[in-house]
Each structure stands twice: as C-alpha cells, then as structure tokens.
Amino acid sequence: MSVLAAGGEPLVRWSWIGDHTDELTTLTLHHLKLALLPIVFGLIIAIPLGIMCARWRWIYPPTLGVANVLYGVPSLALFMLFIPYFGIGSGGKADFTIILPLTLFSLSVLVPNVVDGLRSVPEPVRQAATAMGFGTLRRLVQVELPIAVPVVIAGARVAAVASISLVSVGVLIGNGGLGQLFIDGYSRDFTTPIIVSSVLILALALISDGVLVTAQRLLTPWARTRRSNG
C-alpha cells in the first residue's frame with residue numbers, strides 16, 4: 001500500500017528514481033565533494049592553528065572569537081561574499097564559492113577540538129616523553145597528537161555532518177548538490193525528488209560519520225587494546 005500525497009499522487013514515484021539514476025549519482029558525488037573538501041581544508045588549517053593556541057594560550061581567545069563570529073554569519077550571506085571572486089554555478093572555480101565559506105564554518109568546531117585534544121594530554125605523559133629524549137617536535141608528533149586524535153575526530157564528525165547539511169543552501173546561488181532536487185520538486189509540486197534528496201543527504205551524513213569513526217579506530221589501536229583488556 002503506497003503512502004499518498006495531498007493530491008492523491010504517491011509520495012515516492014519509484015520509476016522516477018530509476019529514470020534519473022545517473023543524475024542522482026552525479027549530484028551525490030558533487031554534494032560529497034562540496035561537503036568534505038571544507039573538512040579537509042579545515043583540518044589543514046585547524047591543526048597548526050590549534051597547536052599554536054595550545055602552546056601560546058593568549059592566541060586562543062581572539063582566534064576562537066573570530067571563528068565564532070564567522071560561524072554566526074548566515075551561510076547564504078557568506079556564500080554571497082565570495083560570488084565576486086569565484087562566480088556562481090556548478091563546477092570549476094565556482095565550487096569555491098561554497099567550499100571556502102564552509103571551511104571557515106568548520107574552524108569554529110575544529111580549532112577548539114584540536115586545542116582541547118592537546119590539553120587533554122596528561123602532564124606526566126609529556127614529562128615521560130621528555131625524559132626519554134623526545135624533542136618538542138617529536139613529542140608533538142608521536143605523543144601529543146596521537147592522544148588528541150579522538151577529540152579532534154569528534155570535532156571533524158560534527159563539522160562533516162553540518163557541512164553536508166549546509167551544502168544544500170548553495171542551491172540558492174546555483175550550486176547546492178542534492179539541494180537542487182529540493183527546488184526541482186518544489187517548483188513542480190513533486191515530492192519524489194525532495195524525499196530522495198533528503199534520504200541521500202542523510203545517508204551521506206551517516207556514511208561520513210562511520211568513515212571517521214573507523215579512521216579513529218585505525219589511528220588509535222591502543223584504545224581497542226585497552227578496551228579488550230578491560
């Protein structure tokens with residue numbers, strides 16, 4: 001028994017999905033690109049910035065303040081600020097009209113998590129590494145950052161889900177990945193594209209989260225050993 005919309009039409013027309021498989025695949029991959037590149041760029045910026053904030057504490061408050069102010073700017077307004085530099089539309093440099101604002105948004109989550117992760121390293125662990133002859137850089141790379149991984153990835157999980165959701169707003173400037181199906185469905189009073197795009201966006205969020213959880217387990221094998229011993 002099919003669930004019907006208000007006009008008597010089925011909420012999901014399965015034949016439409018079969019006829020638009022190629023389009024759905026293209027939009028899904030493009031949506032994933034627009035959503036995950038900001039997380040990659042955000043981590044590239046947030047890790048060294050977080051290390052600086054953890055080492056020189058006076059840097060942290062203004063850095064966090066700027067990141068939070070940027071996060072408070074409506075996403076559409078921030079997208080529009082980049083239009084004069086990268087243009088509108090889908091593909092090519094126009095993608096950076098979406099990618100760069102989402103990168104800035106991600107910093108408000110990633111930078112605090114990098115700082116908190118580094119500050120969570122017990123001082124006796126640092127002292128033990130120093131006593132074993134570890135220099136500052138070696139201790140950071142081989143001791144502090146690995147211990148901070150769970151906290152950093154927790155922030156990346158939040159940022160990834162938010163980014164996947166916010167990409168859809170980009171449809172208002174002609175580049176929203178799966179968000180394009182929202183406009184298509186609404187303009188034609190046709191619910192199938194809206195439901196399909198919503199399900200695909202939710203699936204992308206769940207898959208991305210699962211990949212990051214798996215990455216955390218691979219990067220912290222000692223945590224699995226500790227749990228099994230417990």
# chains A, B, ... in the order shown; residues from 1 in each chain; ligands from 1
$ select_by_dssp --residues "stretch 7-104 of chain A" --states "helix (DSSP H, G or I)" --output "MDAnalysis selection string"
chainID A and resid 14:19 21:55 57:72 75:86 92:104
$ residues_around --residues "stretch 54-70 of chain A" --least-positions-apart "5" --cutoff "10 Å" --atoms "only C-alpha atoms" --output "MDAnalysis selection string"
chainID A and resid 48:49 75 78 101 104:112 114:119
$ write_last_selection --atoms "N, CA, C and O atoms" --output "PDB file, in the first residue's frame"
ATOM      1  N   PRO A  48      47.558  23.102  12.758  1.00  0.00           N
ATOM      2  CA  PRO A  48      48.657  24.009  13.166  1.00  0.00           C
ATOM      3  C   PRO A  48      48.169  25.192  13.992  1.00  0.00           C
ATOM      4  O   PRO A  48      48.856  25.629  14.925  1.00  0.00           O
ATOM      5  N   LEU A  49      46.970  25.704  13.674  1.00  0.00           N
ATOM      6  CA  LEU A  49      46.439  26.824  14.443  1.00  0.00           C
ATOM      7  C   LEU A  49      46.131  26.391  15.872  1.00  0.00           C
ATOM      8  O   LEU A  49      46.399  27.133  16.839  1.00  0.00           O
ATOM      9  N   SER A  75      24.855  31.381   6.443  1.00  0.00           N
ATOM     10  CA  SER A  75      25.634  30.725   5.387  1.00  0.00           C
ATOM     11  C   SER A  75      25.399  31.361   4.025  1.00  0.00           C
ATOM     12  O   SER A  75      26.352  31.565   3.260  1.00  0.00           O
ATOM     13  N   LEU A  78      27.409  34.521   3.639  1.00  0.00           N
ATOM     14  CA  LEU A  78      28.832  34.266   3.447  1.00  0.00           C
ATOM     15  C   LEU A  78      29.103  33.737   2.039  1.00  0.00           C
ATOM     16  O   LEU A  78      30.118  34.086   1.418  1.00  0.00           O
ATOM     17  N   PRO A 101      33.519  29.234   2.299  1.00  0.00           N
ATOM     18  CA  PRO A 101      32.712  29.566   3.474  1.00  0.00           C
ATOM     19  C   PRO A 101      32.515  28.377   4.420  1.00  0.00           C
ATOM     20  O   PRO A 101      32.569  28.543   5.649  1.00  0.00           O
ATOM     21  N   LEU A 104      35.524  27.948   6.539  1.00  0.00           N
ATOM     22  CA  LEU A 104      35.533  28.902   7.665  1.00  0.00           C
ATOM     23  C   LEU A 104      34.589  28.467   8.766  1.00  0.00           C
ATOM     24  O   LEU A 104      34.900  28.584   9.957  1.00  0.00           O
ATOM     25  N   PHE A 105      33.408  27.951   8.383  1.00  0.00           N
ATOM     26  CA  PHE A 105      32.459  27.453   9.380  1.00  0.00           C
ATOM     27  C   PHE A 105      33.068  26.304  10.184  1.00  0.00           C
ATOM     28  O   PHE A 105      32.878  26.210  11.401  1.00  0.00           O
ATOM     29  N   SER A 106      33.796  25.417   9.506  1.00  0.00           N
ATOM     30  CA  SER A 106      34.339  24.240  10.186  1.00  0.00           C
ATOM     31  C   SER A 106      35.363  24.610  11.261  1.00  0.00           C
ATOM     32  O   SER A 106      35.531  23.883  12.237  1.00  0.00           O
ATOM     33  N   LEU A 107      36.034  25.756  11.092  1.00  0.00           N
ATOM     34  CA  LEU A 107      37.080  26.135  12.042  1.00  0.00           C
ATOM     35  C   LEU A 107      36.526  26.384  13.438  1.00  0.00           C
ATOM     36  O   LEU A 107      37.225  26.173  14.432  1.00  0.00           O
ATOM     37  N   SER A 108      35.272  26.832  13.520  1.00  0.00           N
ATOM     38  CA  SER A 108      34.691  27.102  14.842  1.00  0.00           C
ATOM     39  C   SER A 108      34.495  25.820  15.647  1.00  0.00           C
ATOM     40  O   SER A 108      34.370  25.868  16.877  1.00  0.00           O
ATOM     41  N   VAL A 109      34.483  24.683  14.974  1.00  0.00           N
ATOM     42  CA  VAL A 109      34.384  23.388  15.657  1.00  0.00           C
ATOM     43  C   VAL A 109      35.755  22.735  15.774  1.00  0.00           C
ATOM     44  O   VAL A 109      36.122  22.211  16.833  1.00  0.00           O
ATOM     45  N   LEU A 110      36.522  22.782  14.703  1.00  0.00           N
ATOM     46  CA  LEU A 110      37.786  22.042  14.661  1.00  0.00           C
ATOM     47  C   LEU A 110      38.861  22.651  15.552  1.00  0.00           C
ATOM     48  O   LEU A 110      39.581  21.921  16.248  1.00  0.00           O
ATOM     49  N   VAL A 111      39.003  23.980  15.534  1.00  0.00           N
ATOM     50  CA  VAL A 111      40.073  24.605  16.337  1.00  0.00           C
ATOM     51  C   VAL A 111      39.893  24.314  17.831  1.00  0.00           C
ATOM     52  O   VAL A 111      40.854  23.881  18.493  1.00  0.00           O
ATOM     53  N   PRO A 112      38.699  24.515  18.422  1.00  0.00           N
ATOM     54  CA  PRO A 112      38.557  24.184  19.845  1.00  0.00           C
ATOM     55  C   PRO A 112      38.828  22.714  20.147  1.00  0.00           C
ATOM     56  O   PRO A 112      39.383  22.385  21.196  1.00  0.00           O
ATOM     57  N   VAL A 114      40.907  20.684  18.512  1.00  0.00           N
ATOM     58  CA  VAL A 114      42.361  20.459  18.469  1.00  0.00           C
ATOM     59  C   VAL A 114      42.993  20.949  19.762  1.00  0.00           C
ATOM     60  O   VAL A 114      43.823  20.245  20.373  1.00  0.00           O
ATOM     61  N   VAL A 115      42.594  22.123  20.207  1.00  0.00           N
ATOM     62  CA  VAL A 115      43.151  22.677  21.449  1.00  0.00           C
ATOM     63  C   VAL A 115      42.782  21.795  22.641  1.00  0.00           C
ATOM     64  O   VAL A 115      43.646  21.459  23.469  1.00  0.00           O
ATOM     65  N   ASP A 116      41.509  21.406  22.742  1.00  0.00           N
ATOM     66  CA  ASP A 116      41.088  20.551  23.859  1.00  0.00           C
ATOM     67  C   ASP A 116      41.793  19.202  23.820  1.00  0.00           C
ATOM     68  O   ASP A 116      42.147  18.647  24.880  1.00  0.00           O
ATOM     69  N   GLY A 117      41.989  18.663  22.607  1.00  0.00           N
ATOM     70  CA  GLY A 117      42.680  17.380  22.496  1.00  0.00           C
ATOM     71  C   GLY A 117      44.116  17.468  22.988  1.00  0.00           C
ATOM     72  O   GLY A 117      44.593  16.584  23.711  1.00  0.00           O
ATOM     73  N   LEU A 118      44.813  18.528  22.613  1.00  0.00           N
ATOM     74  CA  LEU A 118      46.200  18.691  23.052  1.00  0.00           C
ATOM     75  C   LEU A 118      46.283  18.964  24.553  1.00  0.00           C
ATOM     76  O   LEU A 118      47.202  18.489  25.233  1.00  0.00           O
ATOM     77  N   ARG A 119      45.313  19.711  25.059  1.00  0.00           N
ATOM     78  CA  ARG A 119      45.317  19.996  26.504  1.00  0.00           C
ATOM     79  C   ARG A 119      44.924  18.780  27.336  1.00  0.00           C
ATOM     80  O   ARG A 119      45.163  18.754  28.549  1.00  0.00           O
TER      81      ARG A 119
END
$ residues_around --residues "A:Thr97" --least-positions-apart "2" --cutoff "7 Å" --atoms "only C-alpha atoms" --output "MDAnalysis selection string"
chainID A and resid 79 82:83 86:87 94:95 99:100
$ write_last_selection --atoms "C-alpha atoms" --output "short mmCIF file (atom, residue, chain, number, x, y, z; two decimals), in the first residue's frame"
data_model
loop_
_atom_site.label_atom_id
_atom_site.label_comp_id
_atom_site.auth_asym_id
_atom_site.auth_seq_id
_atom_site.Cartn_x
_atom_site.Cartn_y
_atom_site.Cartn_z
CA PHE A 79 28.34 32.45 0.14
CA PHE A 82 32.58 35.05 -2.35
CA ILE A 83 30.50 35.37 -5.54
CA PHE A 86 34.57 32.82 -7.81
CA GLY A 87 31.24 33.37 -9.52
CA ALA A 94 32.60 28.42 -8.78
CA ASP A 95 32.67 25.49 -6.34
CA ILE A 99 33.83 25.35 -0.25
CA LEU A 100 35.62 28.36 1.30
#
$ closest_residue --among "A:Leu140, A:Leu178, A:Ile153, A:Ala131" --to "A:Leu24" --atoms "only C-alpha atoms"
A:Leu178
$ residues_around --residues "A:Gly174" --least-positions-apart "5" --cutoff "9 Å" --atoms "only C-alpha atoms" --output "PDB file with N, CA and C atoms, in the first residue's frame"
ATOM      1  N   ILE A  88      29.143  32.196  -9.750  1.00  0.00           N
ATOM      2  CA  ILE A  88      28.071  31.292  -9.351  1.00  0.00           C
ATOM      3  C   ILE A  88      27.977  30.163 -10.364  1.00  0.00           C
ATOM      4  N   GLY A  89      27.212  29.158 -10.008  1.00  0.00           N
ATOM      5  CA  GLY A  89      27.072  27.994 -10.874  1.00  0.00           C
ATOM      6  C   GLY A  89      27.736  26.790 -10.257  1.00  0.00           C
ATOM      7  N   SER A  90      27.814  25.721 -11.028  1.00  0.00           N
ATOM      8  CA  SER A  90      28.339  24.458 -10.527  1.00  0.00           C
ATOM      9  C   SER A  90      29.574  24.057 -11.313  1.00  0.00           C
ATOM     10  N   GLN A 180      19.626  20.816  -5.233  1.00  0.00           N
ATOM     11  CA  GLN A 180      18.952  21.159  -6.484  1.00  0.00           C
ATOM     12  C   GLN A 180      17.622  20.426  -6.615  1.00  0.00           C
TER      13      GLN A 180
END
$ closest_residue --among "A:Asn175, A:Ser197, A:Thr103, A:Thr21" --to "A:Ile45" --atoms "only C-alpha atoms"
A:Thr103
$ residues_around --residues "A:Ile164" --least-positions-apart "4" --cutoff "9 Å" --atoms "only C-alpha atoms" --output "PyMOL selection string"
chain A and resi 31-32+34-36+159-160+168+201-202+204-205
$ atom_distance --atom1 "atom CA of A:Leu212" --atom2 "atom CA of A:Leu102"
18.3 Å
$ atom_distance --atom1 "atom CA of A:Ala129" --atom2 "atom CA of A:Gly42"
29.0 Å
